[in-house]
2 protein chains.
Amino acid sequence: MNCGSKKLLRMSYLQRQSRINTRSDLMKELDKLSLENYKPLREIVFEHLREAIITGEIEPGERLMEIQLAENLGVSRTPVREAIRKLELEGLVIMEPRKGVYVSEVSITDVKEVLEIRVSLEGLGAYLAAERIKDDELQELLKKHEELNKSIKDRDVSGIVRKDTELHNIIFKAAKNDTLVDLIDGLMEQVKRFRVSYVSGHHKSSDLAKEHEKIICAIKNRNKEAAKKYAEEHIEIAKKYIVSDYNREKL
Amino acid sequence: MNCGSKKLLRMSYLQRQSRINTRSDLMKELDKLSLENYKPLREIVFEHLREAIITGEIEPGERLMEIQLAENLGVSRTPVREAIRKLELEGLVIMEPRKGVYVSEVSITDVKEVLEIRVSLEGLGAYLAAERIKDDELQELLKKHEELNKSIKDRDVSGIVRKDTELHNIIFKAAKNDTLVDLIDGLMEQVKRFRVSYVSGHHKSSDLAKEHEKIICAIKNRNKEAAKKYAEEHIEIAKKYIVSDYNREKL
DNA sequence: ATAACAAATATTGTATACATATAATAGCAA
DNA sequence: TTGCTATTATATGTATACAATATTTGTTAT
């Protein structure tokens, strides 16, 4: 595993210079800005490690050693440890006290469980969105839908994945339930780690388009129950493809 | 705020004695046991603080200061900091970098959001339970239901709350989705912090009994859709009572 | 009195030191 | 060899030291 060039992070710490005593208003303003940008090292390390785990750069089962990570990142053990505590609570790593920390494995069972839940939550999101979406959000939704269809037509896979994610995010935002958004985000982390793409290659593009169409129409027509039903169906289908992809790969 | 008698925790650290070189098998066995029981200080601190926050012993908005907490608990800042990182990820505290850590506020909006989600998840739990429950789990469920009804008949409020929680837990266990269990647990923390009891005093006992009856019958009959519907209704009603309790209190 | 600045203080952020436990290795007896 | 103990190395757990920032207090000039 390669965590990037050594001492990469140290700069961001040393950059912070000591106080200048008499300063202009402009300097104060600049200072305030740089403060707003300030992130503790533990945050940087946390995000870095999370990214590395989710993308698979650090593989499941691999051990995370504090000293080694600290040296690679050019920081001390303290921020690394604090970052690891958060990863632990997110379920990305497993701690065995006094033994060490290991990147947790994601089984197909875990993914099935998560998607089972996501079926419900996506249904809820669409239901609430149909109830609460505002006009400008609806416009945004329709626009994103068109963009997605264009990506589908162009067979631009990475574009499809991106636009699809954005589309779902717009719906969740429109549902006006921040807790729901956070919950989904946390859940999907597990799925992302599982190597199959969320938008399966076998999920026929034409079907995908139709499914979205139905959901969006229902939301537009403020038909809550229909929106819920179609959204649930949509994820249910995606789930089936992911599972069958997995089985295919297992052969 | 009083976090208990000073130096309370230090014992658990000092208890761990240095190694005895030649030891019997029995001693090894004892050692293994004490190891399995071993919890890092950060865990103890974490659980302690979480409990204190959930019960309201530490109030929303209150500041958590590392040195003070460490002194009160008789530990150093390190385990306290690591515990706080976890509380932060759970949303129980809010961190402002370089400023401090504050116990997060729980608004009625948050509670509404959580319960909105819980309606869906409880429905999902009952649905899956109806599909997957095993005979012994069903027996356990029926037994708990009787116990709950007894508590209701006796007007034993704390008994009702306890049995109700246990009943719901049995259903979720039967759903065979561990992720779902963890998710619900995390979510309900927020509601518990909100001072209204989850089983509202205004939720008529007779209704409560009927609602449970319907859910359990549906599960028993393996009627998934009905189980889902009744479970959703049940939480929806509870949600209404909690919200109206809140409004009443606000007067 | 009050605003602005400066010094002092308290608190968080980070690094390091020390203690203890686990793992790995080597030596030794049966 | 095999199994045990002793030894060493390495990693984690905890405490403390140091650095930088925020906050409070105090002082001075207006």
# chains A, B, ... in the order shown; residues from 1 in each chain; ligands from 1
>>> interface_residues(of="chain B", to="chain D", cutoff="9 Å", atoms="only C-alpha atoms (C1' of nucleotides)", output="JSON, numbers by chain")
{"B": [21, 22, 40, 41, 75, 76, 77, 78, 79, 98, 99]}
>>> interface_residues(of="chain C", to="chain B", cutoff="9 Å", atoms="only C-alpha atoms (C1' of nucleotides)", output="MDAnalysis selection string")
chainID C and resid 11:13 20
>>> interface_residues(of="chain B", to="chain A", cutoff="10 Å", atoms="only C-alpha atoms", output="PDB file with C-alpha atoms, in the first residue's frame")
ATOM      1  CA  LEU B  35      -8.295 -10.282  28.938  1.00  0.00           C
ATOM      2  CA  GLU B  36     -11.604 -10.940  27.326  1.00  0.00           C
ATOM      3  CA  TYR B  38     -10.524  -5.971  29.183  1.00  0.00           C
ATOM      4  CA  LYS B  39     -11.774  -2.724  27.860  1.00  0.00           C
ATOM      5  CA  PRO B  40      -9.545   0.156  26.892  1.00  0.00           C
ATOM      6  CA  ARG B  42     -11.312   5.071  25.825  1.00  0.00           C
ATOM      7  CA  THR B  78      -5.762  10.829  25.465  1.00  0.00           C
ATOM      8  CA  PRO B  79      -8.604   8.375  26.130  1.00  0.00           C
ATOM      9  CA  ARG B  81     -10.102  12.711  23.248  1.00  0.00           C
ATOM     10  CA  GLU B  82     -10.529   9.395  21.502  1.00  0.00           C
ATOM     11  CA  ALA B  83     -13.903   8.917  23.143  1.00  0.00           C
ATOM     12  CA  ILE B  84     -14.959  12.370  22.015  1.00  0.00           C
ATOM     13  CA  ARG B  85     -14.049  11.547  18.405  1.00  0.00           C
ATOM     14  CA  LYS B  86     -16.546   8.726  18.506  1.00  0.00           C
ATOM     15  CA  LEU B  87     -19.230  10.826  20.129  1.00  0.00           C
ATOM     16  CA  GLU B  88     -18.651  13.327  17.363  1.00  0.00           C
ATOM     17  CA  LEU B  89     -19.264  10.765  14.634  1.00  0.00           C
ATOM     18  CA  GLU B  90     -22.407   9.601  16.422  1.00  0.00           C
ATOM     19  CA  PRO B  97     -11.969  22.994  15.753  1.00  0.00           C
ATOM     20  CA  ARG B  98      -9.751  24.802  18.232  1.00  0.00           C
ATOM     21  CA  THR B 109     -37.351  18.633  13.940  1.00  0.00           C
ATOM     22  CA  ASP B 110     -34.582  16.086  14.458  1.00  0.00           C
ATOM     23  CA  VAL B 111     -36.936  13.803  16.310  1.00  0.00           C
ATOM     24  CA  LYS B 112     -39.548  14.109  13.593  1.00  0.00           C
ATOM     25  CA  GLU B 113     -36.934  13.244  10.979  1.00  0.00           C
ATOM     26  CA  VAL B 114     -35.764  10.236  12.912  1.00  0.00           C
ATOM     27  CA  GLU B 116     -40.160   9.514   9.859  1.00  0.00           C
ATOM     28  CA  ILE B 117     -37.335   7.154   9.011  1.00  0.00           C
ATOM     29  CA  ARG B 118     -38.214   4.783  11.776  1.00  0.00           C
ATOM     30  CA  VAL B 119     -41.691   4.345  10.319  1.00  0.00           C
ATOM     31  CA  SER B 120     -40.112   2.889   7.209  1.00  0.00           C
ATOM     32  CA  LEU B 121     -37.532   0.802   9.007  1.00  0.00           C
ATOM     33  CA  GLY B 123     -42.164  -1.574   8.522  1.00  0.00           C
ATOM     34  CA  LEU B 124     -39.216  -3.232   6.867  1.00  0.00           C
ATOM     35  CA  GLY B 125     -38.317  -5.057  10.075  1.00  0.00           C
ATOM     36  CA  LEU B 128     -38.714  -9.318   6.967  1.00  0.00           C
ATOM     37  CA  LYS B 176     -32.106 -11.355  10.177  1.00  0.00           C
ATOM     38  CA  ASN B 177     -30.560  -8.116   9.125  1.00  0.00           C
ATOM     39  CA  ASP B 178     -27.851  -7.034  11.539  1.00  0.00           C
ATOM     40  CA  THR B 179     -27.242  -3.796   9.703  1.00  0.00           C
ATOM     41  CA  LEU B 180     -30.854  -2.863  10.291  1.00  0.00           C
ATOM     42  CA  LEU B 183     -29.047   1.415  12.253  1.00  0.00           C
ATOM     43  CA  LEU B 187     -31.165   6.381  15.317  1.00  0.00           C
TER      44      LEU B 187
END
>>> select_by_dssp(residues="region 77-142 of chain B", states="alpha helix (DSSP H)", output="short mmCIF file (atom, residue, chain, number, x, y, z; two decimals) with N, CA and C atoms, in the first residue's frame")
data_model
loop_
_atom_site.label_atom_id
_atom_site.label_comp_id
_atom_site.auth_asym_id
_atom_site.auth_seq_id
_atom_site.Cartn_x
_atom_site.Cartn_y
_atom_site.Cartn_z
N ARG B 77 -5.76 12.89 29.12
CA ARG B 77 -6.59 13.46 28.06
C ARG B 77 -6.74 12.50 26.88
N THR B 78 -5.75 11.67 26.67
CA THR B 78 -5.76 10.83 25.47
C THR B 78 -7.03 9.98 25.32
N PRO B 79 -7.38 9.16 26.30
CA PRO B 79 -8.60 8.38 26.13
C PRO B 79 -9.85 9.24 26.03
N VAL B 80 -9.84 10.37 26.70
CA VAL B 80 -10.99 11.27 26.61
C VAL B 80 -11.14 11.79 25.19
N ARG B 81 -10.04 12.19 24.61
CA ARG B 81 -10.10 12.71 23.25
C ARG B 81 -10.61 11.66 22.27
N GLU B 82 -10.11 10.44 22.43
CA GLU B 82 -10.53 9.39 21.50
C GLU B 82 -12.01 9.08 21.68
N ALA B 83 -12.47 9.14 22.90
CA ALA B 83 -13.90 8.92 23.14
C ALA B 83 -14.72 10.02 22.48
N ILE B 84 -14.23 11.24 22.59
CA ILE B 84 -14.96 12.37 22.01
C ILE B 84 -15.05 12.25 20.49
N ARG B 85 -14.00 11.72 19.87
CA ARG B 85 -14.05 11.55 18.40
C ARG B 85 -15.21 10.66 18.01
N LYS B 86 -15.44 9.63 18.82
CA LYS B 86 -16.55 8.73 18.51
C LYS B 86 -17.89 9.39 18.75
N LEU B 87 -17.99 10.11 19.85
CA LEU B 87 -19.23 10.83 20.13
C LEU B 87 -19.54 11.78 18.99
N GLU B 88 -18.48 12.39 18.46
CA GLU B 88 -18.65 13.33 17.36
C GLU B 88 -19.27 12.64 16.15
N LEU B 89 -18.74 11.48 15.81
CA LEU B 89 -19.26 10.76 14.63
C LEU B 89 -20.70 10.30 14.87
N GLU B 90 -21.04 10.02 16.12
CA GLU B 90 -22.41 9.60 16.42
C GLU B 90 -23.35 10.78 16.44
N ILE B 108 -37.06 19.23 17.99
CA ILE B 108 -38.24 18.45 17.63
C ILE B 108 -38.16 18.07 16.15
N THR B 109 -37.53 18.94 15.36
CA THR B 109 -37.35 18.63 13.94
C THR B 109 -36.52 17.36 13.77
N ASP B 110 -35.42 17.28 14.53
CA ASP B 110 -34.58 16.09 14.46
C ASP B 110 -35.40 14.84 14.80
N VAL B 111 -36.16 14.96 15.87
CA VAL B 111 -36.94 13.80 16.31
C VAL B 111 -37.96 13.40 15.26
N LYS B 112 -38.59 14.41 14.66
CA LYS B 112 -39.55 14.11 13.59
C LYS B 112 -38.85 13.38 12.45
N GLU B 113 -37.67 13.89 12.08
CA GLU B 113 -36.93 13.24 10.98
C GLU B 113 -36.62 11.80 11.30
N VAL B 114 -36.13 11.59 12.52
CA VAL B 114 -35.76 10.24 12.91
C VAL B 114 -36.98 9.32 12.89
N LEU B 115 -38.09 9.81 13.41
CA LEU B 115 -39.27 8.95 13.48
C LEU B 115 -39.87 8.71 12.10
N GLU B 116 -39.72 9.69 11.24
CA GLU B 116 -40.16 9.51 9.86
C GLU B 116 -39.43 8.32 9.24
N ILE B 117 -38.13 8.26 9.53
CA ILE B 117 -37.33 7.15 9.01
C ILE B 117 -37.70 5.85 9.72
N ARG B 118 -37.92 5.99 11.01
CA ARG B 118 -38.21 4.78 11.78
C ARG B 118 -39.51 4.13 11.31
N VAL B 119 -40.45 4.93 10.85
CA VAL B 119 -41.69 4.35 10.32
C VAL B 119 -41.34 3.34 9.23
N SER B 120 -40.50 3.78 8.31
CA SER B 120 -40.11 2.89 7.21
C SER B 120 -39.35 1.67 7.70
N LEU B 121 -38.40 1.91 8.59
CA LEU B 121 -37.53 0.80 9.01
C LEU B 121 -38.29 -0.20 9.87
N GLU B 122 -39.20 0.30 10.66
CA GLU B 122 -40.00 -0.62 11.47
C GLU B 122 -40.87 -1.47 10.55
N GLY B 123 -41.40 -0.82 9.51
CA GLY B 123 -42.16 -1.57 8.52
C GLY B 123 -41.32 -2.65 7.88
N LEU B 124 -40.12 -2.26 7.49
CA LEU B 124 -39.22 -3.23 6.87
C LEU B 124 -38.90 -4.38 7.83
N GLY B 125 -38.63 -4.03 9.07
CA GLY B 125 -38.32 -5.06 10.08
C GLY B 125 -39.44 -6.06 10.22
N ALA B 126 -40.65 -5.57 10.33
CA ALA B 126 -41.80 -6.47 10.51
C ALA B 126 -42.00 -7.32 9.24
N TYR B 127 -41.82 -6.69 8.10
CA TYR B 127 -41.95 -7.39 6.82
C TYR B 127 -40.98 -8.56 6.74
N LEU B 128 -39.73 -8.27 7.04
CA LEU B 128 -38.71 -9.32 6.97
C LEU B 128 -38.92 -10.37 8.05
N ALA B 129 -39.35 -9.91 9.22
CA ALA B 129 -39.58 -10.85 10.32
C ALA B 129 -40.68 -11.85 9.92
N ALA B 130 -41.74 -11.34 9.30
CA ALA B 130 -42.83 -12.22 8.88
C ALA B 130 -42.31 -13.28 7.91
N GLU B 131 -41.31 -12.89 7.15
CA GLU B 131 -40.75 -13.80 6.16
C GLU B 131 -39.80 -14.81 6.79
N ARG B 132 -39.02 -14.36 7.78
CA ARG B 132 -37.86 -15.12 8.22
C ARG B 132 -37.92 -15.64 9.65
N ASP B 135 -39.40 -20.68 14.50
CA ASP B 135 -40.41 -21.07 15.48
C ASP B 135 -40.07 -20.62 16.89
N ASP B 136 -38.81 -20.84 17.29
CA ASP B 136 -38.47 -20.48 18.66
C ASP B 136 -38.54 -18.96 18.87
N GLU B 137 -38.18 -18.22 17.83
CA GLU B 137 -38.28 -16.76 17.93
C GLU B 137 -39.74 -16.33 18.06
N LEU B 138 -40.59 -17.03 17.32
CA LEU B 138 -42.02 -16.72 17.38
C LEU B 138 -42.56 -16.97 18.79
N GLN B 139 -42.12 -18.08 19.37
CA GLN B 139 -42.54 -18.38 20.75
C GLN B 139 -42.11 -17.26 21.69
N GLU B 140 -40.85 -16.86 21.52
CA GLU B 140 -40.30 -15.79 22.36
C GLU B 140 -41.12 -14.51 22.20
N LEU B 141 -41.48 -14.25 20.95
CA LEU B 141 -42.25 -13.05 20.63
C LEU B 141 -43.61 -13.08 21.33
N LEU B 142 -44.27 -14.21 21.24
CA LEU B 142 -45.60 -14.34 21.86
C LEU B 142 -45.50 -14.20 23.37
#
>>> select_by_dssp(residues="region 53-187 of chain B", states="strand (DSSP E or B)", output="list in words")
Arg63, Leu64, Val93, Ile94, Met95, Glu96, Gly100, Val101, Tyr102 and Val103 of chain B
>>> decode(residues="region 67-96 of chain B", atoms="N, CA and C atoms", output="CSV table (one decimal), in the first residue's frame")
chain,number,residue,atom,x,y,z
B,67,ILE,N,-9.6,18.4,29.8
B,67,ILE,CA,-8.8,18.4,31.0
B,67,ILE,C,-9.7,18.1,32.2
B,68,GLN,N,-10.8,18.8,32.2
B,68,GLN,CA,-11.8,18.6,33.3
B,68,GLN,C,-12.3,17.2,33.3
B,69,LEU,N,-12.8,16.7,32.2
B,69,LEU,CA,-13.3,15.4,32.1
B,69,LEU,C,-12.2,14.4,32.6
B,70,ALA,N,-11.0,14.6,32.0
B,70,ALA,CA,-9.9,13.7,32.4
B,70,ALA,C,-9.7,13.6,33.9
B,71,GLU,N,-9.7,14.8,34.5
B,71,GLU,CA,-9.4,14.8,35.9
B,71,GLU,C,-10.6,14.2,36.7
B,72,ASN,N,-11.8,14.5,36.3
B,72,ASN,CA,-12.9,13.9,36.9
B,72,ASN,C,-12.9,12.4,36.9
B,73,LEU,N,-12.5,11.8,35.7
B,73,LEU,CA,-12.5,10.4,35.5
B,73,LEU,C,-11.2,9.8,36.0
B,74,GLY,N,-10.2,10.6,36.3
B,74,GLY,CA,-8.9,10.0,36.8
B,74,GLY,C,-8.1,9.4,35.7
B,75,VAL,N,-8.3,9.9,34.4
B,75,VAL,CA,-7.5,9.4,33.3
B,75,VAL,C,-6.8,10.6,32.7
B,76,SER,N,-6.0,10.3,31.7
B,76,SER,CA,-5.3,11.4,30.9
B,76,SER,C,-6.2,11.9,29.8
B,77,ARG,N,-5.8,12.9,29.1
B,77,ARG,CA,-6.6,13.5,28.1
B,77,ARG,C,-6.7,12.5,26.9
B,78,THR,N,-5.8,11.7,26.7
B,78,THR,CA,-5.8,10.8,25.5
B,78,THR,C,-7.0,10.0,25.3
B,79,PRO,N,-7.4,9.2,26.3
B,79,PRO,CA,-8.6,8.4,26.1
B,79,PRO,C,-9.8,9.2,26.0
B,80,VAL,N,-9.8,10.4,26.7
B,80,VAL,CA,-11.0,11.3,26.6
B,80,VAL,C,-11.1,11.8,25.2
B,81,ARG,N,-10.0,12.2,24.6
B,81,ARG,CA,-10.1,12.7,23.2
B,81,ARG,C,-10.6,11.7,22.3
B,82,GLU,N,-10.1,10.4,22.4
B,82,GLU,CA,-10.5,9.4,21.5
B,82,GLU,C,-12.0,9.1,21.7
B,83,ALA,N,-12.5,9.1,22.9
B,83,ALA,CA,-13.9,8.9,23.1
B,83,ALA,C,-14.7,10.0,22.5
B,84,ILE,N,-14.2,11.2,22.6
B,84,ILE,CA,-15.0,12.4,22.0
B,84,ILE,C,-15.0,12.3,20.5
B,85,ARG,N,-14.0,11.7,19.9
B,85,ARG,CA,-14.0,11.5,18.4
B,85,ARG,C,-15.2,10.7,18.0
B,86,LYS,N,-15.4,9.6,18.8
B,86,LYS,CA,-16.5,8.7,18.5
B,86,LYS,C,-17.9,9.4,18.8
B,87,LEU,N,-18.0,10.1,19.8
B,87,LEU,CA,-19.2,10.8,20.1
B,87,LEU,C,-19.5,11.8,19.0
B,88,GLU,N,-18.5,12.4,18.5
B,88,GLU,CA,-18.7,13.3,17.4
B,88,GLU,C,-19.3,12.6,16.2
B,89,LEU,N,-18.7,11.5,15.8
B,89,LEU,CA,-19.3,10.8,14.6
B,89,LEU,C,-20.7,10.3,14.9
B,90,GLU,N,-21.0,10.0,16.1
B,90,GLU,CA,-22.4,9.6,16.4
B,90,GLU,C,-23.4,10.8,16.4
B,91,GLY,N,-22.8,12.0,16.4
B,91,GLY,CA,-23.6,13.2,16.4
B,91,GLY,C,-24.1,13.6,17.7
B,92,LEU,N,-23.5,13.0,18.8
B,92,LEU,CA,-23.9,13.4,20.1
B,92,LEU,C,-23.2,14.7,20.6
B,93,VAL,N,-22.1,15.0,20.0
B,93,VAL,CA,-21.4,16.3,20.2
B,93,VAL,C,-21.1,17.0,18.9
B,94,ILE,N,-20.9,18.3,19.0
B,94,ILE,CA,-20.5,19.0,17.9
B,94,ILE,C,-19.1,19.6,18.2
B,95,MET,N,-18.2,19.5,17.2
B,95,MET,CA,-16.9,20.0,17.5
B,95,MET,C,-16.7,21.3,16.7
B,96,GLU,N,-16.1,22.3,17.3
B,96,GLU,CA,-15.6,23.4,16.5
B,96,GLU,C,-14.1,23.4,16.7
